[in-house]
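What follows is input.cif (mmCIF, N, CA and C atoms).
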data_final
loop_
_atom_site.label_atom_id
_atom_site.label_comp_id
_atom_site.auth_asym_id
_atom_site.auth_seq_id
_atom_site.Cartn_x
_atom_site.Cartn_y
_atom_site.Cartn_z
N GLN A 274 -12.56 -14.21 5.95
CA GLN A 274 -11.16 -13.85 6.08
C GLN A 274 -10.54 -13.56 4.72
N VAL A 275 -9.61 -12.62 4.73
CA VAL A 275 -8.87 -12.27 3.53
C VAL A 275 -7.39 -12.42 3.84
N GLN A 276 -6.68 -13.08 2.98
CA GLN A 276 -5.23 -13.22 3.14
C GLN A 276 -4.53 -12.34 2.11
N LEU A 277 -3.50 -11.65 2.56
CA LEU A 277 -2.74 -10.75 1.71
C LEU A 277 -1.28 -11.14 1.71
N VAL A 278 -0.69 -11.22 0.54
CA VAL A 278 0.73 -11.57 0.44
C VAL A 278 1.42 -10.56 -0.47
N GLU A 279 2.42 -9.89 0.08
CA GLU A 279 3.16 -8.89 -0.68
C GLU A 279 4.41 -9.51 -1.31
N SER A 280 4.88 -8.86 -2.36
CA SER A 280 6.15 -9.23 -2.98
C SER A 280 6.72 -8.02 -3.69
N GLY A 281 8.00 -8.09 -4.02
CA GLY A 281 8.60 -7.04 -4.83
C GLY A 281 9.54 -6.10 -4.11
N GLY A 282 9.67 -6.26 -2.81
CA GLY A 282 10.60 -5.38 -2.09
C GLY A 282 12.04 -5.72 -2.44
N GLY A 283 12.96 -4.88 -1.94
CA GLY A 283 14.36 -5.14 -2.18
C GLY A 283 15.20 -3.91 -1.94
N LEU A 284 16.43 -3.98 -2.44
CA LEU A 284 17.40 -2.90 -2.30
C LEU A 284 17.55 -2.20 -3.64
N VAL A 285 17.47 -0.89 -3.62
CA VAL A 285 17.59 -0.11 -4.85
C VAL A 285 18.33 1.18 -4.54
N GLN A 286 19.02 1.70 -5.53
CA GLN A 286 19.70 2.97 -5.35
C GLN A 286 18.72 4.13 -5.47
N ALA A 287 19.08 5.23 -4.85
CA ALA A 287 18.26 6.43 -4.95
C ALA A 287 18.04 6.79 -6.42
N GLY A 288 16.82 7.16 -6.73
CA GLY A 288 16.46 7.47 -8.11
C GLY A 288 15.91 6.28 -8.87
N GLY A 289 16.04 5.11 -8.29
CA GLY A 289 15.57 3.89 -8.95
C GLY A 289 14.09 3.64 -8.74
N SER A 290 13.65 2.48 -9.22
CA SER A 290 12.23 2.12 -9.17
C SER A 290 12.05 0.72 -8.63
N LEU A 291 10.89 0.50 -8.02
CA LEU A 291 10.48 -0.83 -7.58
C LEU A 291 8.99 -0.95 -7.80
N LEU A 292 8.54 -2.18 -8.05
CA LEU A 292 7.11 -2.47 -8.16
C LEU A 292 6.75 -3.45 -7.05
N LEU A 293 5.89 -3.02 -6.16
CA LEU A 293 5.36 -3.90 -5.11
C LEU A 293 4.03 -4.48 -5.59
N SER A 294 3.83 -5.75 -5.25
CA SER A 294 2.59 -6.44 -5.60
C SER A 294 1.98 -7.04 -4.35
N CYS A 295 0.66 -7.12 -4.35
CA CYS A 295 -0.05 -7.74 -3.24
C CYS A 295 -1.21 -8.54 -3.82
N VAL A 296 -1.26 -9.82 -3.49
CA VAL A 296 -2.36 -10.66 -3.96
C VAL A 296 -3.28 -10.96 -2.79
N ALA A 297 -4.57 -10.81 -3.05
CA ALA A 297 -5.58 -11.08 -2.03
C ALA A 297 -6.29 -12.39 -2.35
N SER A 298 -6.61 -13.13 -1.30
CA SER A 298 -7.37 -14.37 -1.47
C SER A 298 -8.34 -14.52 -0.30
N GLY A 299 -9.34 -15.37 -0.49
CA GLY A 299 -10.33 -15.58 0.55
C GLY A 299 -11.61 -14.85 0.24
N SER A 300 -12.19 -14.21 1.24
CA SER A 300 -13.49 -13.54 1.11
C SER A 300 -13.33 -12.15 0.49
N ILE A 301 -13.01 -12.13 -0.78
CA ILE A 301 -12.73 -10.87 -1.49
C ILE A 301 -13.95 -9.95 -1.50
N PHE A 302 -15.13 -10.53 -1.46
CA PHE A 302 -16.35 -9.72 -1.50
C PHE A 302 -16.49 -8.83 -0.28
N SER A 303 -15.73 -9.12 0.80
CA SER A 303 -15.84 -8.35 2.04
C SER A 303 -14.94 -7.11 2.06
N ILE A 304 -14.23 -6.85 1.00
CA ILE A 304 -13.36 -5.67 0.94
C ILE A 304 -13.69 -4.84 -0.29
N ASN A 305 -13.51 -3.54 -0.19
CA ASN A 305 -13.67 -2.68 -1.37
C ASN A 305 -12.60 -1.60 -1.41
N ALA A 306 -11.62 -1.71 -0.54
CA ALA A 306 -10.51 -0.75 -0.54
C ALA A 306 -9.23 -1.46 -0.14
N MET A 307 -8.15 -1.05 -0.77
CA MET A 307 -6.84 -1.61 -0.43
C MET A 307 -5.84 -0.48 -0.34
N GLY A 308 -4.86 -0.67 0.50
CA GLY A 308 -3.88 0.38 0.71
C GLY A 308 -2.49 -0.18 0.95
N TRP A 309 -1.53 0.69 0.78
CA TRP A 309 -0.15 0.39 1.14
C TRP A 309 0.25 1.33 2.28
N TYR A 310 0.73 0.73 3.35
CA TYR A 310 1.27 1.49 4.47
C TYR A 310 2.77 1.19 4.56
N ARG A 311 3.49 2.06 5.22
CA ARG A 311 4.90 1.80 5.46
C ARG A 311 5.28 2.23 6.87
N GLN A 312 6.30 1.58 7.39
CA GLN A 312 6.81 1.92 8.71
C GLN A 312 8.32 1.80 8.71
N ALA A 313 8.96 2.93 8.99
CA ALA A 313 10.42 2.97 9.10
C ALA A 313 10.80 2.80 10.56
N PRO A 314 12.02 2.34 10.83
CA PRO A 314 12.45 2.16 12.22
C PRO A 314 12.32 3.44 13.02
N GLY A 315 11.68 3.35 14.18
CA GLY A 315 11.53 4.50 15.05
C GLY A 315 10.47 5.49 14.62
N LYS A 316 9.72 5.16 13.58
CA LYS A 316 8.68 6.07 13.09
C LYS A 316 7.32 5.39 13.12
N GLN A 317 6.29 6.22 13.09
CA GLN A 317 4.94 5.68 13.07
C GLN A 317 4.59 5.15 11.69
N ARG A 318 3.69 4.20 11.69
CA ARG A 318 3.18 3.68 10.42
C ARG A 318 2.42 4.79 9.70
N GLU A 319 2.61 4.89 8.41
CA GLU A 319 1.94 5.93 7.65
C GLU A 319 1.37 5.36 6.36
N LEU A 320 0.27 5.95 5.95
CA LEU A 320 -0.35 5.57 4.68
C LEU A 320 0.51 6.08 3.54
N VAL A 321 0.73 5.22 2.57
CA VAL A 321 1.44 5.62 1.35
C VAL A 321 0.43 5.92 0.24
N ALA A 322 -0.46 4.99 0.01
CA ALA A 322 -1.48 5.15 -1.03
C ALA A 322 -2.60 4.16 -0.80
N SER A 323 -3.78 4.51 -1.27
CA SER A 323 -4.92 3.62 -1.16
C SER A 323 -5.77 3.74 -2.40
N ILE A 324 -6.62 2.72 -2.60
CA ILE A 324 -7.43 2.68 -3.81
C ILE A 324 -8.67 1.86 -3.55
N THR A 325 -9.78 2.25 -4.15
CA THR A 325 -10.97 1.41 -4.10
C THR A 325 -10.79 0.27 -5.09
N THR A 326 -11.32 -0.89 -4.77
CA THR A 326 -11.08 -2.05 -5.62
C THR A 326 -11.68 -1.87 -7.00
N GLY A 327 -12.67 -0.98 -7.09
CA GLY A 327 -13.19 -0.66 -8.41
C GLY A 327 -12.26 0.25 -9.19
N GLY A 328 -11.28 0.80 -8.48
CA GLY A 328 -10.29 1.65 -9.14
C GLY A 328 -10.73 3.08 -9.36
N GLY A 329 -11.92 3.42 -8.88
CA GLY A 329 -12.42 4.74 -9.16
C GLY A 329 -11.81 5.84 -8.33
N SER A 330 -11.29 5.50 -7.16
CA SER A 330 -10.73 6.51 -6.27
C SER A 330 -9.35 6.09 -5.79
N THR A 331 -8.46 7.07 -5.69
CA THR A 331 -7.13 6.84 -5.14
C THR A 331 -6.81 7.95 -4.15
N ASN A 332 -5.87 7.65 -3.28
CA ASN A 332 -5.44 8.61 -2.27
C ASN A 332 -3.96 8.39 -2.04
N TYR A 333 -3.18 9.49 -1.99
CA TYR A 333 -1.73 9.38 -1.82
C TYR A 333 -1.25 10.28 -0.69
N ALA A 334 -0.20 9.83 -0.04
CA ALA A 334 0.50 10.71 0.89
C ALA A 334 1.19 11.80 0.09
N ASP A 335 1.26 12.99 0.65
CA ASP A 335 1.90 14.11 -0.06
C ASP A 335 3.34 13.78 -0.44
N SER A 336 4.01 13.02 0.40
CA SER A 336 5.42 12.74 0.19
C SER A 336 5.69 11.84 -1.02
N VAL A 337 4.65 11.17 -1.54
CA VAL A 337 4.87 10.26 -2.67
C VAL A 337 4.11 10.69 -3.93
N LYS A 338 3.32 11.73 -3.83
CA LYS A 338 2.56 12.18 -5.00
C LYS A 338 3.51 12.52 -6.14
N GLY A 339 3.16 12.03 -7.33
CA GLY A 339 3.98 12.27 -8.50
C GLY A 339 5.11 11.26 -8.68
N ARG A 340 5.35 10.44 -7.64
CA ARG A 340 6.41 9.44 -7.74
C ARG A 340 5.87 8.01 -7.67
N PHE A 341 4.82 7.81 -6.88
CA PHE A 341 4.25 6.47 -6.69
C PHE A 341 2.87 6.40 -7.36
N THR A 342 2.54 5.22 -7.86
CA THR A 342 1.23 5.00 -8.45
C THR A 342 0.65 3.69 -7.93
N ILE A 343 -0.58 3.76 -7.42
CA ILE A 343 -1.27 2.55 -6.96
C ILE A 343 -2.28 2.15 -8.02
N SER A 344 -2.41 0.84 -8.23
CA SER A 344 -3.36 0.35 -9.22
C SER A 344 -3.85 -1.04 -8.81
N THR A 345 -4.91 -1.48 -9.44
CA THR A 345 -5.48 -2.80 -9.14
C THR A 345 -5.68 -3.60 -10.42
N ASP A 346 -5.70 -4.89 -10.26
CA ASP A 346 -6.10 -5.82 -11.32
C ASP A 346 -7.11 -6.75 -10.67
N ASN A 347 -8.38 -6.41 -10.80
CA ASN A 347 -9.41 -7.17 -10.10
C ASN A 347 -9.53 -8.61 -10.59
N ALA A 348 -9.19 -8.84 -11.84
CA ALA A 348 -9.26 -10.20 -12.38
C ALA A 348 -8.28 -11.12 -11.65
N LYS A 349 -7.19 -10.53 -11.18
CA LYS A 349 -6.16 -11.31 -10.48
C LYS A 349 -6.17 -11.06 -8.97
N ASN A 350 -7.09 -10.23 -8.50
CA ASN A 350 -7.15 -9.86 -7.08
C ASN A 350 -5.82 -9.28 -6.61
N MET A 351 -5.28 -8.40 -7.43
CA MET A 351 -3.96 -7.84 -7.15
C MET A 351 -4.07 -6.33 -6.95
N VAL A 352 -3.17 -5.81 -6.12
CA VAL A 352 -2.96 -4.36 -6.03
C VAL A 352 -1.46 -4.13 -6.15
N TYR A 353 -1.11 -3.08 -6.86
CA TYR A 353 0.29 -2.79 -7.14
C TYR A 353 0.66 -1.41 -6.62
N LEU A 354 1.94 -1.24 -6.33
CA LEU A 354 2.47 0.07 -6.00
C LEU A 354 3.75 0.26 -6.81
N GLN A 355 3.63 1.08 -7.86
CA GLN A 355 4.80 1.40 -8.66
C GLN A 355 5.50 2.58 -8.02
N MET A 356 6.74 2.38 -7.64
CA MET A 356 7.50 3.41 -6.94
C MET A 356 8.67 3.86 -7.82
N ASN A 357 8.65 5.11 -8.21
CA ASN A 357 9.70 5.70 -9.03
C ASN A 357 10.42 6.80 -8.26
N SER A 358 11.57 7.18 -8.75
CA SER A 358 12.35 8.25 -8.14
C SER A 358 12.50 8.04 -6.64
N LEU A 359 12.87 6.83 -6.27
CA LEU A 359 12.95 6.48 -4.86
C LEU A 359 14.03 7.27 -4.14
N ARG A 360 13.75 7.57 -2.89
CA ARG A 360 14.65 8.34 -2.04
C ARG A 360 15.01 7.52 -0.81
N PRO A 361 16.14 7.82 -0.19
CA PRO A 361 16.50 7.08 1.03
C PRO A 361 15.42 7.13 2.09
N GLU A 362 14.68 8.23 2.15
CA GLU A 362 13.62 8.35 3.16
C GLU A 362 12.41 7.47 2.85
N ASP A 363 12.40 6.82 1.71
CA ASP A 363 11.34 5.86 1.40
C ASP A 363 11.63 4.49 2.01
N THR A 364 12.81 4.34 2.58
CA THR A 364 13.18 3.07 3.20
C THR A 364 12.24 2.73 4.35
N ALA A 365 11.64 1.55 4.28
CA ALA A 365 10.66 1.13 5.29
C ALA A 365 10.18 -0.28 4.97
N VAL A 366 9.41 -0.83 5.89
CA VAL A 366 8.65 -2.04 5.61
C VAL A 366 7.30 -1.61 5.06
N TYR A 367 6.99 -2.10 3.89
CA TYR A 367 5.73 -1.75 3.22
C TYR A 367 4.74 -2.90 3.39
N SER A 368 3.54 -2.54 3.85
CA SER A 368 2.51 -3.55 4.09
C SER A 368 1.27 -3.25 3.29
N CYS A 369 0.68 -4.30 2.77
CA CYS A 369 -0.58 -4.21 2.05
C CYS A 369 -1.71 -4.37 3.06
N ALA A 370 -2.79 -3.61 2.87
CA ALA A 370 -3.92 -3.68 3.78
C ALA A 370 -5.21 -3.67 2.99
N ALA A 371 -6.25 -4.27 3.54
CA ALA A 371 -7.55 -4.33 2.86
C ALA A 371 -8.66 -4.10 3.86
N GLY A 372 -9.71 -3.42 3.39
CA GLY A 372 -10.84 -3.16 4.26
C GLY A 372 -12.03 -2.70 3.49
N TRP A 373 -12.98 -2.10 4.21
CA TRP A 373 -14.21 -1.61 3.59
C TRP A 373 -14.31 -0.12 3.82
N VAL A 374 -14.33 0.65 2.71
CA VAL A 374 -14.41 2.09 2.85
C VAL A 374 -15.81 2.49 3.27
N GLY A 375 -15.90 3.39 4.25
CA GLY A 375 -17.19 3.85 4.72
C GLY A 375 -17.60 5.12 4.02
N ILE A 376 -17.08 6.24 4.52
CA ILE A 376 -17.46 7.55 3.96
C ILE A 376 -16.68 7.82 2.68
N SER A 377 -15.38 7.83 2.80
CA SER A 377 -14.53 8.07 1.63
C SER A 377 -13.15 7.49 1.88
N LEU A 378 -12.42 7.31 0.82
CA LEU A 378 -11.11 6.67 0.91
C LEU A 378 -10.16 7.46 1.80
N ASP A 379 -10.17 8.78 1.67
CA ASP A 379 -9.19 9.58 2.41
C ASP A 379 -9.51 9.70 3.89
N THR A 380 -10.68 9.22 4.33
CA THR A 380 -10.99 9.22 5.75
C THR A 380 -10.63 7.91 6.43
N MET A 381 -10.21 6.93 5.66
CA MET A 381 -9.87 5.64 6.25
C MET A 381 -8.60 5.74 7.08
N ARG A 382 -8.60 5.10 8.21
CA ARG A 382 -7.45 5.05 9.10
C ARG A 382 -7.00 3.61 9.25
N PRO A 383 -5.81 3.37 9.84
CA PRO A 383 -5.32 1.99 9.90
C PRO A 383 -6.32 1.00 10.48
N TRP A 384 -7.11 1.45 11.47
CA TRP A 384 -8.06 0.52 12.09
C TRP A 384 -9.24 0.19 11.19
N ASP A 385 -9.40 0.93 10.10
CA ASP A 385 -10.45 0.63 9.13
C ASP A 385 -10.04 -0.50 8.19
N TYR A 386 -8.75 -0.81 8.17
CA TYR A 386 -8.27 -1.92 7.34
C TYR A 386 -8.25 -3.16 8.21
N LYS A 387 -9.10 -4.09 7.90
CA LYS A 387 -9.25 -5.27 8.75
C LYS A 387 -8.17 -6.30 8.51
N TYR A 388 -7.63 -6.31 7.29
CA TYR A 388 -6.67 -7.36 6.92
C TYR A 388 -5.33 -6.74 6.53
N TRP A 389 -4.26 -7.41 6.93
CA TRP A 389 -2.91 -6.92 6.68
C TRP A 389 -2.01 -8.05 6.20
N GLY A 390 -1.09 -7.67 5.32
CA GLY A 390 -0.07 -8.61 4.91
C GLY A 390 1.11 -8.57 5.88
N GLN A 391 2.08 -9.42 5.61
CA GLN A 391 3.25 -9.53 6.49
C GLN A 391 4.25 -8.39 6.29
N GLY A 392 4.22 -7.79 5.14
CA GLY A 392 5.13 -6.69 4.85
C GLY A 392 6.32 -7.13 4.02
N THR A 393 6.87 -6.18 3.30
CA THR A 393 8.06 -6.42 2.49
C THR A 393 9.01 -5.24 2.67
N GLN A 394 10.29 -5.54 2.82
CA GLN A 394 11.28 -4.50 3.09
C GLN A 394 11.68 -3.79 1.80
N VAL A 395 11.69 -2.48 1.86
CA VAL A 395 12.22 -1.65 0.78
C VAL A 395 13.35 -0.82 1.35
N THR A 396 14.51 -0.95 0.75
CA THR A 396 15.69 -0.20 1.20
C THR A 396 16.24 0.60 0.04
N VAL A 397 16.36 1.91 0.24
CA VAL A 397 16.87 2.79 -0.80
C VAL A 397 18.20 3.35 -0.33
N SER A 398 19.25 3.05 -1.07
CA SER A 398 20.58 3.51 -0.69
C SER A 398 20.89 4.84 -1.36
N SER A 399 21.67 5.64 -0.67
CA SER A 399 22.00 6.98 -1.21
C SER A 399 23.26 6.93 -2.06
#
Is it possible to give me this structure as structure tokens?
Amino acid sequence: QVQLVESGGGLVQAGGSLLLSCVASGSIFSINAMGWYRQAPGKQRELVASITTGGGSTNYADSVKGRFTISTDNAKNMVYLQMNSLRPEDTAVYSCAAGWVGISLDTMRPWDYKYWGQGTQVTVSS
């Protein structure tokens, strides 16, 4: 089992920045990919960004490219999501997920992530 705990959400004005953090504990050897998903009210859950735990590969949603950066600190079992130039449409619950990449990072779907955190609310005001 892997436990994931997110932190760093909050309220920010449009154009501002937030740093989300996720710490993993437990059977870390059973995962090699981590991702951030988000879900806004009335909308489907969507991938924001993902990364291999080795850090060699990343994948971003088109809507966040150039604004968000995902990174890892393997020594601390952490994954981060630096969010800049935030927009009201970025408002959602952001969840950390972990799993094992099969073919490639960009082919992973929500069901490929076996472990999920509780989520953290991000609200961007206009």
- Atomic distance atom CA of A:Tyr310 - atom CA of A:Asp363, expressed in Å with one decimal: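 Distance reported for this atom pair: 11.4 Å.
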If we count all atoms listed in the file, what is near stretch 348-353 of chain A at a cut-off of 6 Å, once residues fewer than 4 positions away on the same chain are taken out, given as a compact mmCIF listing (two decimals) with N, CA and C atoms, in the frame of the given file?
# COMPACT_ATOMS: atom_id res chain seq x y z
N LEU A 293 5.89 -3.02 -6.16
CA LEU A 293 5.36 -3.90 -5.11
C LEU A 293 4.03 -4.48 -5.59
N SER A 294 3.83 -5.75 -5.25
CA SER A 294 2.59 -6.44 -5.60
C SER A 294 1.98 -7.04 -4.35
N CYS A 295 0.66 -7.12 -4.35
CA CYS A 295 -0.05 -7.74 -3.24
C CYS A 295 -1.21 -8.54 -3.82
N VAL A 296 -1.26 -9.82 -3.49
CA VAL A 296 -2.36 -10.66 -3.96
C VAL A 296 -3.28 -10.96 -2.79
N ALA A 297 -4.57 -10.81 -3.05
CA ALA A 297 -5.58 -11.08 -2.03
C ALA A 297 -6.29 -12.39 -2.35
N THR A 342 2.54 5.22 -7.86
CA THR A 342 1.23 5.00 -8.45
C THR A 342 0.65 3.69 -7.93
N ILE A 343 -0.58 3.76 -7.42
CA ILE A 343 -1.27 2.55 -6.96
C ILE A 343 -2.28 2.15 -8.02
N SER A 344 -2.41 0.84 -8.23
CA SER A 344 -3.36 0.35 -9.22
C SER A 344 -3.85 -1.04 -8.81
- Query: Hey, what comes out of the PyMOL selection byres (((chain A and resi 321 and name CA) around 8) and name CA) on this file? Could you write it as an MDAnalysis selection string?
  - Reply: chainID A and resid 308:311 319:320 322:323 333:334 337
- Looking at A:Ala313, A:Leu284, A:Leu277, A:Leu378, which one is nearest to A:Gly299, with distances taken over all atoms listed in the file?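 Using all atoms listed in the file, the shortest distance to A:Gly299 belongs to A:Leu277.
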- Message: With distances taken over only N, CA and C atoms, which residue among A:Gln274, A:Ser298, A:Gln286, A:Ser358 lies nearest A:Gly339?
- Response: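 Looking at the shortest contact to A:Gly339, the residue is A:Ser358.
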